[in-house]
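A.B. asks: Got a structure for you, questions after.
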Amino acid sequence: MVEPQLAIIKLSQEMQNHVFATPVVDSAIVDSKTNLTTLFYGDGLVLTNPNEKNTALAKFAQSELKIVGTNPYLLLSGGYAIIDWKWWQFHPLSGEFRAPRFYNSHLRMAYSTNSGLNNGAIANEEYYLLNSDWKDVSDLTATWKFPEGEHLNIPEIRYIDCAKLEEYGKYTHSVKEILRKYNLEDLHGLYVLFSGDAEKGKACVAECNAMQSAYVETLKEMIDNNDLDKWTRLRD
């Protein structure tokens with residue numbers, strides 16, 4: 001299991017409410033010598049790349065997790081925020097592994113903006129801030145045209161292992177225990193869990209939400225105590 005991590009993002013006021021999107025990633029190729037990933041973009045701006053798996057996850061997140069029309073950011077102190085775990089597959093800065101539109105044995109099957117997750121840095125990241133607000137999003141598979149988006153520089157991003165955050169907050173339980181309990185690694189695992197046992201899936205969501213709420217309070221305390229530099233890794 002990959003060590004669960006959180007991305008802590010420094011949000012501008014403009015970023016808080018406006019939709020954050022990327023160009024469609026048709027494919028991703030990694031340089032075997034440098035481990036640097038190059039993304040090949042298609043037309044349109046999206047929250048998730050249009051392929052069969054991502055479309056199924058988007059429908060699941062809309063019907064069961066009810067995230068459309070909500071804001072993906074959970075605000076902390078000092079202008080920082082984390083991304084709600086239910087949004088991780090639909091916001092690239094979460095660091096979650098994302099599948100491109102197409103892939104085969106010669107292409108990378110997934111890429112991540114968190115180069116610390118056994119994943120090389122991305123050579124050509126592109127992000128756009130749309131005129132639309134998060135509350136106006138009704139379809140996670142929507143595509144926007146490039147004129148609708150303003151090119152955006154990458155904001156400050158920090159990462160922290162969830163185990164480190166739990167150590168700081170002196171937790172008596174861990175997110176890894178929840179993931180093991182439900183045999184999960186990502187949103188697709190939750191989708192499969194709901195397909196087999198919806199009540200068990202709902203119980204898992206409740207536990208993850210409760211843990212996330214605790215994380216928010218601990219991160220606020222960490223920031224207020226000026227401990228962020230000591231306990232987090234600044235994105236390269």
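By order in the structure tokens, chains are A, B, ...; within a chain, residues start at 1; ligands start at 1, following the order shown.
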Check which residues of region 50-154 of chain A sit at most 10 Å from region 191-200 of chain A using only C-alpha atoms, and return one row each with the closest pair of atoms and their distance in Å to one decimal, ordered by chain and rising number, as JSON lines.

C.D. replies:
```
{"residue": "A:Ala56", "atom": "CA", "partner": "A:Tyr191", "partner_atom": "CA", "distance": 8.7}
{"residue": "A:Leu57", "atom": "CA", "partner": "A:Tyr191", "partner_atom": "CA", "distance": 7.0}
{"residue": "A:Lys59", "atom": "CA", "partner": "A:Tyr191", "partner_atom": "CA", "distance": 9.9}
{"residue": "A:Phe60", "atom": "CA", "partner": "A:Tyr191", "partner_atom": "CA", "distance": 6.7}
{"residue": "A:Ala61", "atom": "CA", "partner": "A:Tyr191", "partner_atom": "CA", "distance": 8.5}
{"residue": "A:Glu64", "atom": "CA", "partner": "A:Phe194", "partner_atom": "CA", "distance": 8.6}
```

A.B. asks: I need the chosen residues saved as an mmCIF file, in the first residue's frame, with all heavy atoms.

C.D. replies:
```
data_model
loop_
_atom_site.group_PDB
_atom_site.id
_atom_site.type_symbol
_atom_site.label_atom_id
_atom_site.label_comp_id
_atom_site.auth_asym_id
_atom_site.auth_seq_id
_atom_site.Cartn_x
_atom_site.Cartn_y
_atom_site.Cartn_z
ATOM 1 N N ALA A 56 -16.924 6.055 -15.139
ATOM 2 C CA ALA A 56 -17.639 5.264 -14.138
ATOM 3 C C ALA A 56 -17.436 5.850 -12.740
ATOM 4 O O ALA A 56 -18.388 5.945 -11.943
ATOM 5 C CB ALA A 56 -17.174 3.817 -14.184
ATOM 6 N N LEU A 57 -16.205 6.270 -12.432
ATOM 7 C CA LEU A 57 -15.926 6.864 -11.129
ATOM 8 C C LEU A 57 -16.658 8.189 -10.961
ATOM 9 O O LEU A 57 -17.139 8.507 -9.864
ATOM 10 C CB LEU A 57 -14.424 7.070 -10.963
ATOM 11 C CG LEU A 57 -13.571 5.814 -10.778
ATOM 12 C CD1 LEU A 57 -12.100 6.183 -10.641
ATOM 13 C CD2 LEU A 57 -14.019 5.011 -9.562
ATOM 14 N N LYS A 59 -19.527 9.085 -12.346
ATOM 15 C CA LYS A 59 -20.945 8.793 -12.099
ATOM 16 C C LYS A 59 -21.164 8.338 -10.663
ATOM 17 O O LYS A 59 -22.140 8.706 -10.008
ATOM 18 C CB LYS A 59 -21.430 7.732 -13.089
ATOM 19 C CG LYS A 59 -21.532 8.227 -14.522
ATOM 20 C CD LYS A 59 -22.026 7.129 -15.461
ATOM 21 C CE LYS A 59 -22.159 7.637 -16.888
ATOM 22 N NZ LYS A 59 -22.608 6.583 -17.819
ATOM 23 N N PHE A 60 -20.233 7.524 -10.163
ATOM 24 C CA PHE A 60 -20.314 7.046 -8.783
ATOM 25 C C PHE A 60 -20.193 8.211 -7.795
ATOM 26 O O PHE A 60 -20.963 8.321 -6.837
ATOM 27 C CB PHE A 60 -19.205 6.016 -8.533
ATOM 28 C CG PHE A 60 -18.941 5.732 -7.094
ATOM 29 C CD1 PHE A 60 -19.866 5.033 -6.329
ATOM 30 C CD2 PHE A 60 -17.767 6.164 -6.490
ATOM 31 C CE1 PHE A 60 -19.624 4.771 -4.992
ATOM 32 C CE2 PHE A 60 -17.514 5.906 -5.154
ATOM 33 C CZ PHE A 60 -18.452 5.198 -4.400
ATOM 34 N N ALA A 61 -19.226 9.096 -8.031
ATOM 35 C CA ALA A 61 -19.024 10.236 -7.133
ATOM 36 C C ALA A 61 -20.228 11.172 -7.138
ATOM 37 O O ALA A 61 -20.565 11.777 -6.118
ATOM 38 C CB ALA A 61 -17.760 10.995 -7.527
ATOM 39 N N GLU A 64 -23.365 8.682 -5.451
ATOM 40 C CA GLU A 64 -23.203 8.165 -4.091
ATOM 41 C C GLU A 64 -22.491 9.142 -3.153
ATOM 42 O O GLU A 64 -22.846 9.236 -1.977
ATOM 43 C CB GLU A 64 -22.444 6.837 -4.111
ATOM 44 C CG GLU A 64 -23.150 5.722 -4.868
ATOM 45 C CD GLU A 64 -24.455 5.278 -4.215
ATOM 46 O OE1 GLU A 64 -24.698 5.620 -3.037
ATOM 47 O OE2 GLU A 64 -25.242 4.579 -4.890
#
```

A.B. asks: Please list as an MDAnalysis selection string every residue within 12 Å of Trp231 (chain A), counting only C-alpha atoms and excluding residues in the same chain fewer than 3 positions away.

C.D. replies: chainID A and resid 6 8 158:169 218:219 222:223 225:228 234

A.B. asks: Would you mind exporting N, CA, C and O atoms of the selected residues as a CSV table (one decimal), in the first residue's frame?

C.D. replies:
```
chain,number,residue,atom,x,y,z
A,6,LEU,N,-1.4,13.7,2.2
A,6,LEU,CA,-2.2,14.9,2.0
A,6,LEU,C,-1.4,16.0,1.3
A,6,LEU,O,-0.3,16.2,1.6
A,8,ILE,N,-1.2,19.9,0.8
A,8,ILE,CA,-1.6,21.2,1.4
A,8,ILE,C,-1.3,22.3,0.5
A,8,ILE,O,-0.2,22.5,0.1
A,158,ARG,N,2.5,21.6,-0.4
A,158,ARG,CA,3.2,20.8,0.5
A,158,ARG,C,2.6,19.5,0.7
A,158,ARG,O,1.4,19.3,0.4
A,159,TYR,N,3.3,18.5,1.1
A,159,TYR,CA,2.8,17.2,1.3
A,159,TYR,C,3.2,16.7,2.7
A,159,TYR,O,4.2,17.1,3.2
A,160,ILE,N,2.3,15.9,3.3
A,160,ILE,CA,2.5,15.3,4.6
A,160,ILE,C,2.0,13.9,4.6
A,160,ILE,O,0.9,13.7,4.1
A,161,ASP,N,2.8,13.0,5.1
A,161,ASP,CA,2.3,11.6,5.3
A,161,ASP,C,1.2,11.6,6.3
A,161,ASP,O,1.3,12.3,7.4
A,162,CYS,N,0.1,10.9,6.1
A,162,CYS,CA,-1.0,10.9,7.1
A,162,CYS,C,-0.5,10.3,8.4
A,162,CYS,O,-0.9,10.8,9.5
A,163,ALA,N,0.5,9.4,8.4
A,163,ALA,CA,1.1,8.8,9.6
A,163,ALA,C,1.8,9.9,10.4
A,163,ALA,O,1.7,9.9,11.6
A,164,LYS,N,2.4,10.8,9.7
A,164,LYS,CA,3.1,11.9,10.4
A,164,LYS,C,2.1,12.9,11.0
A,164,LYS,O,2.3,13.4,12.2
A,165,LEU,N,1.0,13.1,10.3
A,165,LEU,CA,0.0,14.0,10.9
A,165,LEU,C,-0.7,13.4,12.1
A,165,LEU,O,-0.9,14.1,13.1
A,166,GLU,N,-0.9,12.1,12.0
A,166,GLU,CA,-1.5,11.4,13.2
A,166,GLU,C,-0.5,11.4,14.3
A,166,GLU,O,-0.9,11.4,15.5
A,167,GLU,N,0.8,11.3,14.0
A,167,GLU,CA,1.8,11.4,15.1
A,167,GLU,C,1.8,12.8,15.8
A,167,GLU,O,1.8,12.9,17.0
A,168,TYR,N,1.7,13.8,15.0
A,168,TYR,CA,1.6,15.2,15.5
A,168,TYR,C,0.4,15.3,16.4
A,168,TYR,O,0.5,16.0,17.5
A,169,GLY,N,-0.7,14.8,15.9
A,169,GLY,CA,-2.0,15.0,16.7
A,169,GLY,C,-2.2,13.9,17.8
A,169,GLY,O,-3.2,13.9,18.4
A,218,THR,N,-6.1,19.2,13.2
A,218,THR,CA,-4.7,19.1,13.5
A,218,THR,C,-3.8,19.9,12.6
A,218,THR,O,-2.8,20.5,13.1
A,219,LEU,N,-4.2,20.0,11.3
A,219,LEU,CA,-3.4,20.9,10.4
A,219,LEU,C,-3.5,22.4,10.8
A,219,LEU,O,-2.5,23.1,10.7
A,222,MET,N,-1.2,22.8,13.6
A,222,MET,CA,0.2,22.8,13.1
A,222,MET,C,0.6,24.1,12.5
A,222,MET,O,1.7,24.6,12.7
A,223,ILE,N,-0.3,24.7,11.7
A,223,ILE,CA,0.0,26.0,11.0
A,223,ILE,C,0.1,27.1,12.1
A,223,ILE,O,1.0,27.9,12.1
A,225,ASN,N,0.9,26.8,15.1
A,225,ASN,CA,2.1,26.6,15.9
A,225,ASN,C,3.4,26.8,15.1
A,225,ASN,O,4.5,26.6,15.7
A,226,ASN,N,3.3,27.3,13.9
A,226,ASN,CA,4.4,27.5,13.0
A,226,ASN,C,5.3,26.2,12.8
A,226,ASN,O,6.5,26.3,12.7
A,227,ASP,N,4.6,25.1,12.7
A,227,ASP,CA,5.3,23.8,12.6
A,227,ASP,C,5.2,23.2,11.2
A,227,ASP,O,5.6,22.1,10.9
A,228,LEU,N,4.6,24.0,10.2
A,228,LEU,CA,4.4,23.5,8.9
A,228,LEU,C,5.7,23.1,8.2
A,228,LEU,O,5.8,22.0,7.6
A,234,LEU,N,7.9,20.4,1.0
A,234,LEU,CA,7.5,21.4,-0.1
A,234,LEU,C,7.7,20.7,-1.4
A,234,LEU,O,8.7,20.1,-1.7
```

A.B. asks: What is the distance between CA of Thr172 (chain A) and CA of Gln212 (chain A), in Å to one decimal?

C.D. replies: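 CA of Gln212 (chain A) lies at a distance of 14.6 Å from CA of Thr172 (chain A).
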
A.B. asks: Residues of region 81-233 of chain A classed as helix (DSSP H, G or I) by DSSP on the backbone are to be reported as number ranges by chain.

C.D. replies: A: 85-90, 92-94, 134-136, 146-148, 162-168, 175-182, 187-196, 198-224, 228-231

A.B. asks: Here is a test: counting only C-alpha atoms, which residue of A:Asp26, A:Asp43, A:Asp84, A:Glu156 is nearest to Ser12 (chain A)?

C.D. replies: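 For Ser12 (chain A), the nearest of the given residues is A:Glu156.
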
A.B. asks: Leaving out Asp224 (chain A) and any residue of its chain fewer than 5 positions from it, which residues lie within 12 Å of it when counting only C-alpha atoms, given as a list of chain:residue names?

C.D. replies: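 After dropping sequence-adjacent residues, the list is A:Leu76, A:Ser77, A:Gly78, A:Gly79, A:Tyr80, A:Glu217, A:Thr218, A:Leu219, A:Asp229.
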
A.B. asks: So that I can see what lies close to Asn54 (chain A), please list as a count of residues only the residues with an atom at most 12 Å from it, counting only C-alpha atoms and leaving out residues fewer than 6 positions away in the same chain.

C.D. replies: 19

A.B. asks: As a list in words, please: the residues near Gly95 (chain A) (cut-off 7 Å, only C-alpha atoms, same-chain neighbours under 5 positions excluded).

C.D. replies: Ala7, Ser112, Thr113 and Asn114 of chain A

A.B. asks: Could the residues in this selection be written to a file with N, CA and C atoms, as a JSON list (two decimals), in the first residue's frame?

C.D. replies:
```json
[["chain", "number", "residue", "atom", "x", "y", "z"],
["A", 7, "ALA", "N", -2.07, 16.60, 0.29],
["A", 7, "ALA", "CA", -1.51, 17.80, -0.34],
["A", 7, "ALA", "C", -2.10, 19.02, 0.36],
["A", 112, "SER", "N", 1.11, 11.36, -11.61],
["A", 112, "SER", "CA", 0.74, 12.08, -10.39],
["A", 112, "SER", "C", 1.52, 13.37, -10.31],
["A", 113, "THR", "N", 0.90, 14.40, -9.75],
["A", 113, "THR", "CA", 1.59, 15.66, -9.53],
["A", 113, "THR", "C", 2.46, 15.62, -8.28],
["A", 114, "ASN", "N", 2.37, 14.54, -7.51],
["A", 114, "ASN", "CA", 3.22, 14.36, -6.34],
["A", 114, "ASN", "C", 4.40, 13.49, -6.73]]
```

A.B. asks: Please indicate the distance in Å from CA of His173 (chain A) to CA of Ala214 (chain A), rounded to one decimal place.

C.D. replies: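 Here the two named atoms are 11.2 Å from each other.
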
A.B. asks: Write out as a ChimeraX atom specification all residues of chain A that backbone DSSP assigns to strand (DSSP E).

C.D. replies: /A:5-10,18-30,37-46,73-75,80-83,127-133,143-144,149-152,157-161,233-234
